[in-house]
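Note: the block below is target36.cif and it holds mmCIF, C-alpha atoms (C1' of nucleotides).
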```
data_query
loop_
_atom_site.label_atom_id
_atom_site.label_comp_id
_atom_site.auth_asym_id
_atom_site.auth_seq_id
_atom_site.Cartn_x
_atom_site.Cartn_y
_atom_site.Cartn_z
CA MET A 1 0.00 0.00 0.00
CA GLU A 2 2.74 2.45 0.86
CA ALA A 3 4.47 1.59 -2.30
CA HIS A 4 1.34 2.50 -4.15
CA SER A 5 0.99 5.87 -2.51
CA MET A 6 4.69 6.59 -2.65
CA SER A 7 4.85 6.06 -6.36
CA GLY A 8 1.45 7.55 -6.91
CA HIS A 9 2.65 10.10 -9.36
CA VAL A 10 3.69 7.37 -11.70
CA GLY A 11 0.56 5.39 -11.25
CA LEU A 12 -1.72 8.37 -11.73
CA SER A 13 -1.64 8.12 -15.43
CA GLY A 14 -2.15 4.42 -15.35
CA GLU A 15 -5.60 3.09 -16.15
CA ASP A 16 -4.67 -0.24 -14.61
CA VAL A 17 -5.32 0.87 -11.00
CA GLY A 18 -8.03 -1.62 -10.69
CA ASP A 19 -6.01 -4.32 -12.28
CA PRO A 20 -4.13 -6.28 -9.57
CA ASP A 21 -1.93 -8.07 -12.06
CA GLY A 22 -0.90 -4.92 -13.80
CA PHE A 23 -0.28 -3.23 -10.50
CA ARG A 24 1.94 -6.04 -9.29
CA LYS A 25 3.87 -5.97 -12.47
CA HIS A 26 4.36 -2.27 -12.18
CA GLN A 27 5.58 -2.52 -8.66
CA ASN A 28 8.04 -5.19 -9.56
CA HIS A 29 9.34 -3.07 -12.36
CA HIS A 30 9.85 -0.16 -10.07
CA GLN A 31 11.82 -2.23 -7.65
CA ASP A 32 13.77 -3.66 -10.52
CA ILE A 33 14.64 -0.27 -11.90
CA GLY A 34 15.58 0.93 -8.47
CA ASP A 35 17.97 -1.98 -8.11
CA VAL A 36 19.45 -1.45 -11.51
CA LEU A 37 19.99 2.23 -10.84
CA GLN A 38 21.56 1.38 -7.52
CA GLN A 39 23.93 -0.91 -9.29
CA VAL A 40 24.75 1.69 -11.86
CA MET A 41 25.44 4.29 -9.22
CA ALA A 42 27.67 1.93 -7.30
CA ILE A 43 29.62 0.92 -10.33
CA THR A 44 32.28 3.59 -9.79
CA ASP A 45 33.10 2.18 -6.38
CA GLU A 46 33.82 -1.24 -7.72
CA SER A 47 36.96 -2.68 -9.16
CA LEU A 48 37.44 -2.93 -12.88
CA GLU A 49 36.65 -6.64 -13.08
CA GLU A 50 33.55 -6.22 -10.97
CA ALA A 51 32.49 -3.30 -13.08
CA GLN A 52 33.01 -5.26 -16.27
CA ALA A 53 30.99 -8.13 -14.87
CA ARG A 54 28.29 -5.75 -13.79
CA LYS A 55 28.25 -4.16 -17.18
CA HIS A 56 27.87 -7.52 -18.81
CA ALA A 57 25.09 -8.37 -16.43
CA LEU A 58 23.35 -5.12 -17.22
CA ASN A 59 23.66 -5.72 -20.91
CA CYS A 60 21.99 -9.04 -20.47
CA HIS A 61 19.40 -7.71 -18.10
CA ARG A 62 15.86 -8.32 -19.20
CA MET A 63 15.03 -4.69 -18.57
CA LYS A 64 17.84 -3.54 -20.75
CA THR A 65 15.81 -2.75 -23.83
CA ALA A 66 13.27 -0.91 -21.72
CA LEU A 67 15.99 1.13 -20.08
CA PHE A 68 17.48 1.84 -23.43
CA ASP A 69 14.14 3.08 -24.66
CA VAL A 70 13.81 5.36 -21.64
CA LEU A 71 17.25 6.72 -22.29
CA CYS A 72 16.31 7.28 -25.90
CA GLU A 73 13.26 9.20 -24.81
CA ILE A 74 15.18 11.37 -22.36
CA LYS A 75 17.73 12.00 -24.99
CA GLU A 76 15.07 12.92 -27.48
CA LYS A 77 13.81 15.59 -25.11
CA SER A 78 17.22 16.98 -24.30
CA ALA A 79 18.34 16.81 -27.90
CA LEU A 80 17.09 20.30 -28.52
CA SER A 81 19.39 21.79 -25.93
CA ILE A 82 22.30 19.85 -27.38
CA GLN A 83 21.46 21.12 -30.83
CA GLY A 84 21.45 24.63 -29.45
CA VAL A 85 25.01 24.32 -28.24
CA GLN A 86 26.36 23.76 -31.71
CA GLU A 87 30.09 24.31 -31.73
CA LYS A 88 30.93 27.51 -33.49
CA ASP A 89 33.69 26.87 -35.97
CA SER A 90 35.93 29.86 -35.42
CA PRO A 91 38.36 30.28 -38.31
CA GLU A 92 41.18 31.07 -35.87
CA PRO A 93 42.89 34.05 -37.47
CA HIS A 94 45.76 33.73 -35.04
CA LEU A 95 46.45 30.19 -36.15
CA MET A 96 46.30 31.28 -39.77
CA ARG A 97 48.88 33.94 -39.07
CA LEU A 98 51.19 31.47 -37.39
CA ASP A 99 50.79 29.04 -40.27
CA ASN A 100 51.52 31.70 -42.82
CA MET A 101 54.58 32.82 -40.97
CA LEU A 102 55.95 29.31 -40.59
CA LEU A 103 55.35 28.81 -44.27
CA ALA A 104 57.08 32.05 -45.13
CA GLU A 105 60.07 31.21 -42.97
CA GLY A 106 60.37 27.82 -44.62
CA VAL A 107 59.69 25.87 -41.44
CA ALA A 108 56.40 24.48 -42.60
CA GLY A 109 55.84 23.40 -46.17
CA PRO A 110 58.27 21.71 -48.56
CA GLU A 111 62.02 21.59 -47.99
CA ARG A 112 63.95 24.22 -49.80
CA GLY A 113 67.20 26.12 -49.91
CA GLY A 114 67.92 29.43 -48.25
CA ALA A 115 65.65 31.33 -50.59
CA SER A 116 63.96 33.26 -47.82
CA ALA A 117 67.28 34.04 -46.21
CA ALA A 118 68.58 35.46 -49.45
CA VAL A 119 65.46 37.54 -49.92
CA VAL A 120 65.74 38.92 -46.41
CA ALA A 121 69.38 39.77 -46.92
CA ALA A 122 68.59 41.55 -50.15
CA ALA A 123 65.75 43.45 -48.52
CA ALA A 124 68.08 44.58 -45.76
CA GLY A 125 70.22 46.15 -48.41
CA GLY A 126 73.23 43.86 -48.16
CA SER A 127 75.28 43.19 -51.21
CA PRO A 128 74.04 40.07 -52.93
CA GLU A 129 77.29 38.15 -52.73
CA ASP A 130 77.58 38.10 -48.95
CA GLY A 131 74.45 36.02 -48.58
CA THR A 132 75.41 32.39 -48.77
CA LEU A 133 78.47 32.39 -46.53
CA GLU A 134 76.93 34.30 -43.64
CA HIS A 135 73.68 32.36 -43.71
CA ALA A 136 75.09 28.86 -43.65
CA GLU A 137 74.82 28.74 -39.89
CA TYR A 138 71.42 30.34 -40.00
CA ARG A 139 70.14 27.72 -42.39
CA GLU A 140 71.56 24.97 -40.27
CA LYS A 141 69.81 26.25 -37.17
CA LEU A 142 66.61 26.80 -39.10
CA SER A 143 66.62 23.24 -40.33
CA GLN A 144 67.13 22.09 -36.76
CA ILE A 145 64.05 24.00 -35.72
CA ARG A 146 62.26 22.62 -38.74
CA GLN A 147 63.19 19.08 -37.80
CA ILE A 148 62.03 19.47 -34.21
CA TYR A 149 58.85 21.14 -35.37
CA HIS A 150 57.93 18.35 -37.72
CA ALA A 151 58.83 15.65 -35.23
CA GLU A 152 56.60 17.26 -32.64
CA LEU A 153 53.86 17.76 -35.15
CA ASP A 154 53.95 14.11 -36.14
CA LYS A 155 53.92 13.12 -32.50
CA TYR A 156 50.84 15.22 -31.87
CA GLU A 157 49.18 13.88 -34.97
CA GLN A 158 49.78 10.32 -33.89
CA ALA A 159 48.64 10.99 -30.35
CA CYS A 160 45.56 12.70 -31.66
CA ASN A 161 44.69 9.78 -33.89
CA GLU A 162 45.27 7.30 -31.11
CA PHE A 163 43.16 9.26 -28.72
CA THR A 164 40.44 9.77 -31.27
CA SER A 165 40.15 6.12 -32.07
CA HIS A 166 40.22 5.34 -28.38
CA VAL A 167 37.36 7.73 -27.78
CA MET A 168 35.46 6.33 -30.71
CA ASN A 169 35.88 2.80 -29.50
CA LEU A 170 34.74 3.87 -26.10
CA LEU A 171 31.66 5.56 -27.49
CA ARG A 172 30.86 2.62 -29.70
CA GLU A 173 31.13 0.36 -26.70
CA GLN A 174 28.92 2.69 -24.70
CA SER A 175 26.40 2.93 -27.49
CA ARG A 176 25.37 -0.58 -26.55
CA THR A 177 24.02 0.69 -23.24
CA ARG A 178 22.99 4.20 -24.13
CA PRO A 179 21.88 5.87 -27.30
CA ILE A 180 24.69 7.70 -29.07
CA SER A 181 24.10 9.19 -32.47
CA PRO A 182 26.89 9.39 -35.05
CA LYS A 183 26.56 13.13 -34.78
CA GLU A 184 27.53 12.96 -31.13
CA ILE A 185 30.55 10.86 -31.88
CA GLU A 186 31.45 13.39 -34.51
CA ARG A 187 31.11 16.13 -31.96
CA MET A 188 33.35 14.35 -29.49
CA VAL A 189 35.93 13.78 -32.17
CA GLY A 190 35.69 17.46 -32.97
CA ILE A 191 36.34 18.35 -29.35
CA VAL A 192 39.34 16.06 -29.23
CA HIS A 193 40.69 17.54 -32.42
CA ARG A 194 40.25 21.04 -31.13
CA LYS A 195 42.11 20.19 -27.95
CA PHE A 196 44.98 18.78 -29.92
CA SER A 197 45.02 21.65 -32.33
CA SER A 198 45.33 24.03 -29.43
CA ILE A 199 48.40 22.10 -28.37
CA GLN A 200 49.62 22.31 -31.93
CA MET A 201 49.11 26.02 -31.83
CA GLN A 202 51.35 26.26 -28.81
CA LEU A 203 53.99 24.37 -30.72
CA LYS A 204 53.60 26.69 -33.67
CA GLN A 205 53.73 29.70 -31.42
CA SER A 206 56.97 28.69 -29.78
CA THR A 207 58.44 27.66 -33.12
CA CYS A 208 57.63 31.07 -34.47
CA GLU A 209 59.31 32.66 -31.52
CA ALA A 210 62.39 30.52 -31.98
CA VAL A 211 62.57 31.46 -35.66
CA MET A 212 62.19 35.12 -34.85
CA ILE A 213 65.01 34.96 -32.33
CA LEU A 214 67.19 33.08 -34.79
CA ARG A 215 66.37 35.57 -37.46
CA SER A 216 67.24 38.57 -35.40
CA ARG A 217 70.39 36.84 -34.27
CA PHE A 218 71.70 36.06 -37.73
CA LEU A 219 69.85 38.09 -40.26
CA ASP A 220 69.82 41.42 -38.53
CA ALA A 221 71.80 43.60 -40.90
CA ARG A 222 73.35 45.34 -37.93
CA ARG A 223 75.27 42.21 -37.21
CA GLN A 224 77.10 42.18 -40.48
CA ARG A 225 77.70 45.82 -41.02
CA ARG A 226 80.25 46.80 -43.61
CA ASN A 227 81.35 50.37 -43.99
CA PHE A 228 80.79 51.91 -47.35
CA SER A 229 83.74 52.39 -49.61
CA LYS A 230 85.74 55.59 -49.31
CA GLN A 231 84.59 56.61 -52.71
CA ALA A 232 80.95 56.09 -51.76
CA VAL A 233 81.29 58.16 -48.58
CA GLU A 234 83.07 60.80 -50.64
CA THR A 235 80.22 60.99 -53.10
CA LEU A 236 77.58 61.16 -50.40
CA ASN A 237 79.45 63.83 -48.47
CA GLU A 238 79.90 65.85 -51.63
CA TYR A 239 76.20 65.96 -52.12
CA PHE A 240 75.46 66.54 -48.46
CA TYR A 241 77.80 69.50 -48.02
CA SER A 242 76.98 71.07 -51.34
CA HIS A 243 73.31 70.98 -50.36
CA LEU A 244 73.82 71.80 -46.71
CA ALA A 245 70.94 74.27 -46.77
CA ASN A 246 68.57 71.52 -47.81
CA PRO A 247 70.20 68.10 -47.60
CA TYR A 248 67.14 66.18 -48.73
CA PRO A 249 67.81 64.41 -52.00
CA ASN A 250 64.68 63.52 -53.89
CA GLU A 251 63.98 59.98 -55.02
CA GLU A 252 65.65 60.48 -58.35
CA THR A 253 68.79 61.89 -56.79
CA LYS A 254 68.86 59.09 -54.26
CA GLU A 255 68.78 56.56 -57.06
CA GLU A 256 71.56 58.37 -58.81
CA LEU A 257 73.70 58.46 -55.68
CA ALA A 258 72.91 54.82 -54.97
CA LYS A 259 74.11 53.80 -58.40
CA LYS A 260 77.24 55.90 -58.09
CA CYS A 261 78.06 54.45 -54.68
CA CYS A 262 77.09 50.86 -55.46
CA ILE A 263 74.62 50.79 -52.57
CA SER A 264 70.85 50.61 -52.38
CA VAL A 265 68.49 53.56 -52.33
CA ALA A 266 67.49 52.57 -48.80
CA GLN A 267 71.10 52.77 -47.74
CA VAL A 268 71.39 56.23 -49.26
CA ALA A 269 68.30 57.25 -47.32
CA ASN A 270 69.78 55.76 -44.15
CA TRP A 271 73.03 57.55 -44.71
CA PHE A 272 71.37 60.92 -45.18
CA GLY A 273 69.14 60.33 -42.19
CA ASN A 274 72.09 59.56 -40.00
CA LYS A 275 74.17 62.34 -41.47
CA ARG A 276 71.55 65.02 -40.97
CA ILE A 277 70.88 64.16 -37.35
CA ARG A 278 74.54 63.73 -36.51
CA TYR A 279 75.54 66.90 -38.23
CA LYS A 280 72.80 68.86 -36.52
CA LYS A 281 73.74 67.39 -33.17
CA ASN A 282 77.29 68.60 -33.32
CA ILE A 283 77.91 71.11 -36.04
CA ALA A 284 81.24 72.14 -34.55
CA LYS A 285 82.60 68.65 -34.93
CA TYR A 286 81.75 68.60 -38.62
CA GLN A 287 83.08 72.07 -39.35
CA GLU A 288 86.30 70.71 -40.73
CA GLU A 289 84.44 68.42 -43.09
CA VAL A 290 82.34 71.36 -44.22
CA ASN A 291 85.50 73.23 -45.14
CA VAL A 292 87.08 70.28 -46.88
CA TYR A 293 84.11 69.66 -49.11
CA ALA A 294 83.56 73.35 -49.74
CA MET A 295 87.15 73.60 -50.92
CA LYS A 296 86.71 70.51 -53.02
CA ALA A 297 83.67 71.93 -54.69
CA ALA A 298 85.51 75.14 -55.35
CA GLY A 299 88.49 73.21 -56.62
CA ASP A 300 86.28 71.24 -58.94
CA ALA A 301 84.74 74.35 -60.27
CA VAL A 302 88.13 75.89 -60.88
CA SER A 303 89.48 72.73 -62.39
CA VAL A 304 86.55 72.37 -64.71
CA SER A 305 86.61 75.97 -65.78
CA SER A 306 90.34 75.87 -66.28
CA VAL A 307 90.08 72.83 -68.46
CA ALA A 308 87.37 74.47 -70.41
CA SER A 309 89.10 77.79 -70.90
CA SER A 310 92.87 77.32 -70.94
CA ALA A 311 94.85 74.11 -70.67
CA ASN A 312 97.80 75.73 -68.90
CA SER A 313 96.24 77.42 -65.93
CA PRO A 314 98.08 77.49 -62.58
CA ALA A 315 97.99 74.12 -60.89
CA THR A 316 94.99 73.75 -58.65
CA PRO A 317 96.10 73.08 -55.06
CA ASN A 318 95.34 69.53 -54.23
CA SER A 319 95.00 70.44 -50.60
CA GLY A 320 92.11 68.23 -49.51
CA GLY A 321 94.09 65.10 -50.30
CA TYR A 322 91.32 63.92 -52.60
CA PRO A 323 92.26 61.33 -55.15
CA ALA A 324 94.18 63.17 -57.83
CA LEU A 325 93.41 60.60 -60.46
CA CYS A 326 89.83 61.72 -60.59
CA TYR A 327 90.63 65.32 -61.27
CA THR A 328 94.01 65.48 -62.93
CA PRO A 329 93.56 65.84 -66.64
CA ASP A 330 95.37 63.24 -68.71
CA GLU A 331 97.13 65.92 -70.73
CA ARG A 332 99.11 66.70 -67.57
CA LEU A 333 101.19 63.56 -68.25
"C1'" DA B 1 91.03 47.30 -23.60
"C1'" DG B 2 88.27 51.18 -24.45
"C1'" DT B 3 86.07 54.44 -27.35
"C1'" DA B 4 84.62 56.81 -31.52
"C1'" DA B 5 82.55 56.12 -35.92
"C1'" DT B 6 79.12 54.16 -38.55
"C1'" DG B 7 75.25 51.64 -40.83
"C1'" DA B 8 70.77 49.82 -39.60
"C1'" DT B 9 66.53 49.52 -36.97
"C1'" DT B 10 62.58 51.09 -34.37
"C1'" DC B 11 58.99 54.18 -33.35
"C1'" DA B 12 56.52 58.41 -32.95
"C1'" DA B 13 55.11 62.48 -35.40
"C1'" DA B 14 54.11 65.22 -39.40
"C1'" DT C 1 55.47 57.72 -46.43
"C1'" DT C 2 59.16 60.24 -44.92
"C1'" DT C 3 61.81 62.21 -41.26
"C1'" DG C 4 63.91 62.83 -36.62
"C1'" DA C 5 65.49 60.84 -32.67
"C1'" DA C 6 67.11 57.21 -29.92
"C1'" DT C 7 69.28 53.09 -29.93
"C1'" DC C 8 71.66 48.86 -31.31
"C1'" DA C 9 75.55 46.23 -33.00
"C1'" DT C 10 79.53 46.15 -35.42
"C1'" DT C 11 83.87 48.07 -37.18
"C1'" DA C 12 87.90 51.12 -36.91
"C1'" DC C 13 91.04 53.30 -34.30
"C1'" DT C 14 94.09 54.42 -30.31
#
```
If you convert what's in this file into structure tokens, what do you get?
Amino acid sequence: MEAHSMSGHVGLSGEDVGDPDGFRKHQNHHQDIGDVLQQVMAITDESLEEAQARKHALNCHRMKTALFDVLCEIKEKSALSIQGVQEKDSPEPHLMRLDNMLLAEGVAGPERGGASAAVVAAAAGGSPEDGTLEHAEYREKLSQIRQIYHAELDKYEQACNEFTSHVMNLLREQSRTRPISPKEIERMVGIVHRKFSSIQMQLKQSTCEAVMILRSRFLDARRQRRNFSKQAVETLNEYFYSHLANPYPNEETKEELAKKCCISVAQVANWFGNKRIRYKKNIAKYQEEVNVYAMKAAGDAVSVSSVASSANSPATPNSGGYPALCYTPDERL
DNA sequence: AGTAATGATTCAAA
DNA sequence: TTTGAATCATTACT
């Protein structure tokens, strides 16, 4: 009687209240289900063998199909909420950036020579011939990073696959006792993959950092500075001091100077940038240079005019110590 | 060795 | 984008 009243809420919908047989059956079922649930709840406290045995027993239980149906029903109802929590597939712009960078640095993607290193060297304004020798060590280190990167990546891939198949086996096994749709398995696999890809991203991140450090260590142009030739400095100074009022060569002039000095336009721009600020900072220090180049310019003018007008003018004083070969007319010999 | 000179880079401002 | 300013890292010199 108490059982009846206790479980009244279940029996309310039943039309079999007056049916003793049906009632008995119902009661038995309730007790049965209670037992089964008890067993299920206790399963975590048991040893593995016991649990396996219990699982087997449950699978063979006569109520199993009924339980399964109940689970299916519950799942059906909660399916909506699961559908609502659809995983949003974020495109991961950060990951894309890392990938692109690794590809650009030659860490990811196909094996290749020091193409990127050469490009970087050229962009930095170095002369093209100094590339290969200086970058041998760089390439070696880069390939080390590359090797480690790929080894790690493979390891992660393998671990991911192992784990995925493990999870899938587990789910398949579980699908015997509870309803699991392929979609759910797919979702779990997706979660696993995302976890592993986040680990991969860490690897990519640190690889990127390592490459950046390596790059700044070896490819930084400051580390292989070569002074310009005397002739180049001469040419640049000539322009600078003869345009002291406005030492800002336009693009065309820069190109011209670059060609004359066998350096890049960027280097010309650098030189003028440095020269302007350093001159301005300490004009007194550069006064001597000002005089030297002023005299030179004057000397040039005289020399040119003398050549043009009369071949036997008084010898121009070669005071500045500038290379005579550039200015001495051949007819002098 | 210590220091000055020098080419390159970075970053803010115009 | 270009420039100025500060700074870095190397080379040249004493």
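The nearest approach to chain C among the residues A:Ser264, A:Tyr293, A:Arg225, A:Glu255, with only C-alpha atoms (C1' of nucleotides) taken into account, belongs to A:Arg225.
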Which residues are near DA5 of chain C? Cut-off 12 Å, all atoms listed in the file, ignore same chain within fewer than 3 positions. Put them as a PDB file with C-alpha atoms (C1' of nucleotides), in the coordinates of the input.
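The new file result.pdb reads:
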```
ATOM      1  CA  GLY A 273      69.140  60.330 -42.190  1.00  0.00           C
ATOM      2  CA  ASN A 274      72.090  59.560 -40.000  1.00  0.00           C
ATOM      3  CA  ARG A 276      71.550  65.020 -40.970  1.00  0.00           C
ATOM      4  CA  ILE A 277      70.880  64.160 -37.350  1.00  0.00           C
ATOM      5  CA  ARG A 278      74.540  63.730 -36.510  1.00  0.00           C
ATOM      6  CA  LYS A 280      72.800  68.860 -36.520  1.00  0.00           C
ATOM      7  CA  LYS A 281      73.740  67.390 -33.170  1.00  0.00           C
TER       8      LYS A 281
ATOM      9  C1'  DT B  10      62.580  51.090 -34.370  1.00  0.00           C
ATOM     10  C1'  DC B  11      58.990  54.180 -33.350  1.00  0.00           C
ATOM     11  C1'  DA B  12      56.520  58.410 -32.950  1.00  0.00           C
ATOM     12  C1'  DA B  13      55.110  62.480 -35.400  1.00  0.00           C
TER      13       DA B  13
END
```
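For the pair atom CA of Ala53 of chain A and atom CA of Gln39 of chain A, the separation is 11.5 Å.
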Given the point (86.9, 52.3, -34.6) in the file's coordinates, find the residues that have an atom at most 10 Å from it, counting all atoms listed in the file, and give them as a compact mmCIF listing (two decimals) with C-alpha atoms (C1' of nucleotides), in the coordinates of the input.
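Written file, point.txt:
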```
# COMPACT_ATOMS: atom_id res chain seq x y z
C1' DT B 3 86.07 54.44 -27.35
C1' DA B 4 84.62 56.81 -31.52
C1' DA B 5 82.55 56.12 -35.92
C1' DT B 6 79.12 54.16 -38.55
C1' DT C 10 79.53 46.15 -35.42
C1' DT C 11 83.87 48.07 -37.18
C1' DA C 12 87.90 51.12 -36.91
C1' DC C 13 91.04 53.30 -34.30
C1' DT C 14 94.09 54.42 -30.31
```
* Taking only C-alpha atoms (C1' of nucleotides) into account, report as a VMD selection string which residues of chain A lie within 12 Å of chain C. => chain A and resid 216 to 218 220 to 228 248 to 251 266 269 to 270 272 to 278 280 to 281
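Relative to atom CA of Cys261 of chain A, atom CA of Ala301 of chain A is found at 21.7 Å.
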Some atoms are missing, so please complete segment 251-272 of chain A with N, CA, C and O atoms and return it as an mmCIF file, keeping the file's coordinate frame.
```cif
data_model
loop_
_atom_site.group_PDB
_atom_site.id
_atom_site.type_symbol
_atom_site.label_atom_id
_atom_site.label_comp_id
_atom_site.auth_asym_id
_atom_site.auth_seq_id
_atom_site.Cartn_x
_atom_site.Cartn_y
_atom_site.Cartn_z
ATOM 1 N N GLU A 251 63.872 61.400 -54.676
ATOM 2 C CA GLU A 251 63.980 59.980 -55.020
ATOM 3 C C GLU A 251 64.937 59.753 -56.181
ATOM 4 O O GLU A 251 65.758 58.831 -56.173
ATOM 5 N N GLU A 252 64.822 60.633 -57.149
ATOM 6 C CA GLU A 252 65.650 60.480 -58.350
ATOM 7 C C GLU A 252 67.131 60.626 -58.000
ATOM 8 O O GLU A 252 67.971 59.819 -58.410
ATOM 9 N N THR A 253 67.407 61.651 -57.208
ATOM 10 C CA THR A 253 68.790 61.890 -56.790
ATOM 11 C C THR A 253 69.319 60.732 -55.958
ATOM 12 O O THR A 253 70.470 60.322 -56.100
ATOM 13 N N LYS A 254 68.447 60.224 -55.104
ATOM 14 C CA LYS A 254 68.860 59.090 -54.260
ATOM 15 C C LYS A 254 69.264 57.914 -55.137
ATOM 16 O O LYS A 254 70.258 57.233 -54.873
ATOM 17 N N GLU A 255 68.471 57.676 -56.156
ATOM 18 C CA GLU A 255 68.780 56.560 -57.060
ATOM 19 C C GLU A 255 70.123 56.781 -57.736
ATOM 20 O O GLU A 255 70.934 55.862 -57.868
ATOM 21 N N GLU A 256 70.325 58.022 -58.138
ATOM 22 C CA GLU A 256 71.560 58.370 -58.810
ATOM 23 C C GLU A 256 72.763 58.117 -57.891
ATOM 24 O O GLU A 256 73.741 57.476 -58.276
ATOM 25 N N LEU A 257 72.625 58.635 -56.668
ATOM 26 C CA LEU A 257 73.700 58.460 -55.680
ATOM 27 C C LEU A 257 73.917 56.973 -55.387
ATOM 28 O O LEU A 257 75.056 56.523 -55.253
ATOM 29 N N ALA A 258 72.811 56.251 -55.267
ATOM 30 C CA ALA A 258 72.910 54.820 -54.970
ATOM 31 C C ALA A 258 73.717 54.114 -56.055
ATOM 32 O O ALA A 258 74.602 53.302 -55.763
ATOM 33 N N LYS A 259 73.416 54.437 -57.274
ATOM 34 C CA LYS A 259 74.110 53.800 -58.400
ATOM 35 C C LYS A 259 75.590 54.154 -58.358
ATOM 36 O O LYS A 259 76.458 53.292 -58.507
ATOM 37 N N LYS A 260 75.858 55.430 -58.111
ATOM 38 C CA LYS A 260 77.240 55.900 -58.090
ATOM 39 C C LYS A 260 78.040 55.262 -56.962
ATOM 40 O O LYS A 260 79.242 55.041 -57.082
ATOM 41 N N CYS A 261 77.355 54.980 -55.855
ATOM 42 C CA CYS A 261 78.060 54.450 -54.680
ATOM 43 C C CYS A 261 77.963 52.932 -54.558
ATOM 44 O O CYS A 261 78.514 52.341 -53.622
ATOM 45 N N CYS A 262 77.268 52.326 -55.498
ATOM 46 C CA CYS A 262 77.090 50.860 -55.460
ATOM 47 C C CYS A 262 76.390 50.426 -54.159
ATOM 48 O O CYS A 262 76.751 49.411 -53.548
ATOM 49 N N ILE A 263 75.430 51.186 -53.718
ATOM 50 C CA ILE A 263 74.620 50.790 -52.570
ATOM 51 C C ILE A 263 73.149 50.957 -52.950
ATOM 52 O O ILE A 263 72.845 51.479 -54.023
ATOM 53 N N SER A 264 72.275 50.527 -52.056
ATOM 54 C CA SER A 264 70.850 50.610 -52.380
ATOM 55 C C SER A 264 70.315 52.010 -52.047
ATOM 56 O O SER A 264 70.936 52.769 -51.300
ATOM 57 N N VAL A 265 69.153 52.286 -52.607
ATOM 58 C CA VAL A 265 68.490 53.560 -52.330
ATOM 59 C C VAL A 265 68.196 53.686 -50.834
ATOM 60 O O VAL A 265 68.349 54.756 -50.236
ATOM 61 N N ALA A 266 67.786 52.563 -50.240
ATOM 62 C CA ALA A 266 67.490 52.570 -48.800
ATOM 63 C C ALA A 266 68.736 52.946 -48.010
ATOM 64 O O ALA A 266 68.645 53.679 -47.007
ATOM 65 N N GLN A 267 69.865 52.458 -48.457
ATOM 66 C CA GLN A 267 71.100 52.770 -47.740
ATOM 67 C C GLN A 267 71.452 54.252 -47.883
ATOM 68 O O GLN A 267 71.954 54.866 -46.950
ATOM 69 N N VAL A 268 71.166 54.790 -49.063
ATOM 70 C CA VAL A 268 71.390 56.230 -49.260
ATOM 71 C C VAL A 268 70.502 57.006 -48.293
ATOM 72 O O VAL A 268 70.953 57.933 -47.616
ATOM 73 N N ALA A 269 69.241 56.581 -48.223
ATOM 74 C CA ALA A 269 68.300 57.250 -47.320
ATOM 75 C C ALA A 269 68.785 57.140 -45.873
ATOM 76 O O ALA A 269 68.742 58.129 -45.117
ATOM 77 N N ASN A 270 69.237 55.958 -45.491
ATOM 78 C CA ASN A 270 69.780 55.760 -44.150
ATOM 79 C C ASN A 270 70.942 56.717 -43.895
ATOM 80 O O ASN A 270 71.012 57.373 -42.861
ATOM 81 N N TRP A 271 71.819 56.746 -44.876
ATOM 82 C CA TRP A 271 73.030 57.550 -44.710
ATOM 83 C C TRP A 271 72.657 59.021 -44.493
ATOM 84 O O TRP A 271 73.158 59.663 -43.575
ATOM 85 N N PHE A 272 71.759 59.524 -45.312
ATOM 86 C CA PHE A 272 71.370 60.920 -45.180
ATOM 87 C C PHE A 272 70.636 61.158 -43.855
ATOM 88 O O PHE A 272 70.819 62.198 -43.224
#
```
